[in-house]
Amino acid sequence: IAEFDAMVGRYMDTVKEAGLWDNTIFIVTSDHGDMQMEHRQTFKMTPYDASSSVPMVIFDPRRGPKSQLPVVVSKPTQLIDLFPTILESAGIPKSEWPNDLDGQSLLPLLDPRSSSRDFTRSFVVSQFHGTNLAMSWFLIVMEMPSDGRIYKLVQYGTGMEVSPQLFDLTSDPNEMRNLALEESYTDIVTVLDHELRSIVDYPTVARDVASYDRNSFRCWKRNVAGDWKQVIHEKNLRWTPSWDRDSEGAFAAVEDWLSEPDATILPCRAGTRWPPSLDLVIEAE
């Protein structure tokens, strides 16, 4: 944090030295977070907040001394809000904005004199699709109008393969207690799922992604130079060493996946061998 703070400071000092301090807005954010062993995970592809939530710091020195006082915003916001925020900050008339913007300007949340009611959206959504996950995931973070509590719902795949996750981010910011399967939270799951589907038809998208991934692999396999089972070990292709514990089984699983008439979405298996019946034989022994 200290290193990053120092780098941002160098940018700000350069702006001052250039004489542009009174006409420059600083926005510090990121495209994603990273898991640092939260939930015993690493990397950036999970829906937990350490990965899917990022800092958002906006500083506008044009607003005068009052802008030096930090305003902490707890309402859910998202990166697509930056475009309309920049347009409004630059004084671009709304009549000249694109008609189909999904984001919303954050300025009503930054001005203490403005009412938060001017920021009308109560939820944000996010999604991830990748070749190194068993299925896509989709999330919604929503501030409940009844009590102001903020909940997060995560749906995996079509919503049928894996149980969803529901977290009360207000009382459980580390996302340790999944409320989705508790009967008293059924209504909240229903509300959040409805709002999520109003933005993205996630069952259809998840199936489309599964088909795209398989078709892409088929194309690569058909056009690769040499034996694909050897080429796939190249570092940039993400064939992990763990799959070579039973390389014949791993390749057989890939071949079975490619031969299916329709791309299917399956949860990760508990076993480590292919076909799965081999794990059953080992357990029986």
# chains A, B, ... in the order shown; residues from 1 in each chain; ligands from 1
>>> select_by_dssp(residues="range 22-268 of chain A", states="strand (DSSP E or B)", output="PyMOL selection string")
chain A and resi 26-29+35-36+42-43+56-59+123-128+137-143+150-156+165-168
>>> closest_residue(among="A:Leu133, A:Leu87, A:Ala210, A:Ala180", to="Leu101 in chain A", atoms="only C-alpha atoms")
A:Leu87
>>> closest_residue(among="A:Val154, A:Val224, A:Met7, A:Met160", to="Leu192 in chain A", atoms="only C-alpha atoms")
A:Val154
>>> closest_residue(among="A:Ala6, A:Pro93, A:Thr120, A:Asn174", to="Met35 in chain A", atoms="only C-alpha atoms")
A:Asn174
>>> closest_residue(among="A:Lys44, A:Arg10, A:Lys75, A:Lys152", to="Val191 in chain A", atoms="only C-alpha atoms")
A:Lys152
>>> closest_residue(among="A:Phe138, A:Leu181, A:Gly9, A:Asp187", to="Asp201 in chain A", atoms="only C-alpha atoms")
A:Phe138
>>> residues_around(residues="Glu195 in chain A", least_positions_apart="5", cutoff="10 Å", atoms="only C-alpha atoms", output="MDAnalysis selection string")
chainID A and resid 123:125 140:142 190 200
>>> residues_around(residues="Glu161 in chain A", least_positions_apart="4", cutoff="7 Å", atoms="only C-alpha atoms", output="ChimeraX atom specification")
/A:157,266-267
>>> atom_distance(atom1="CA of Gly130 in chain A", atom2="CA of Gln104 in chain A")
27.5 Å
>>> residues_around(residues="Trp97 in chain A", least_positions_apart="6", cutoff="12 Å", atoms="only C-alpha atoms", output="ChimeraX atom specification")
/A:83-88,90-91,103-105
>>> residues_around(residues="Trp239 in chain A", least_positions_apart="3", cutoff="12 Å", atoms="only C-alpha atoms", output="ChimeraX atom specification")
/A:131-132,228-236,242-245,247,250-251,254
>>> closest_residue(among="A:Asp246, A:Asp49, A:Asp147, A:Glu3", to="Asp172 in chain A", atoms="only C-alpha atoms")
A:Asp49
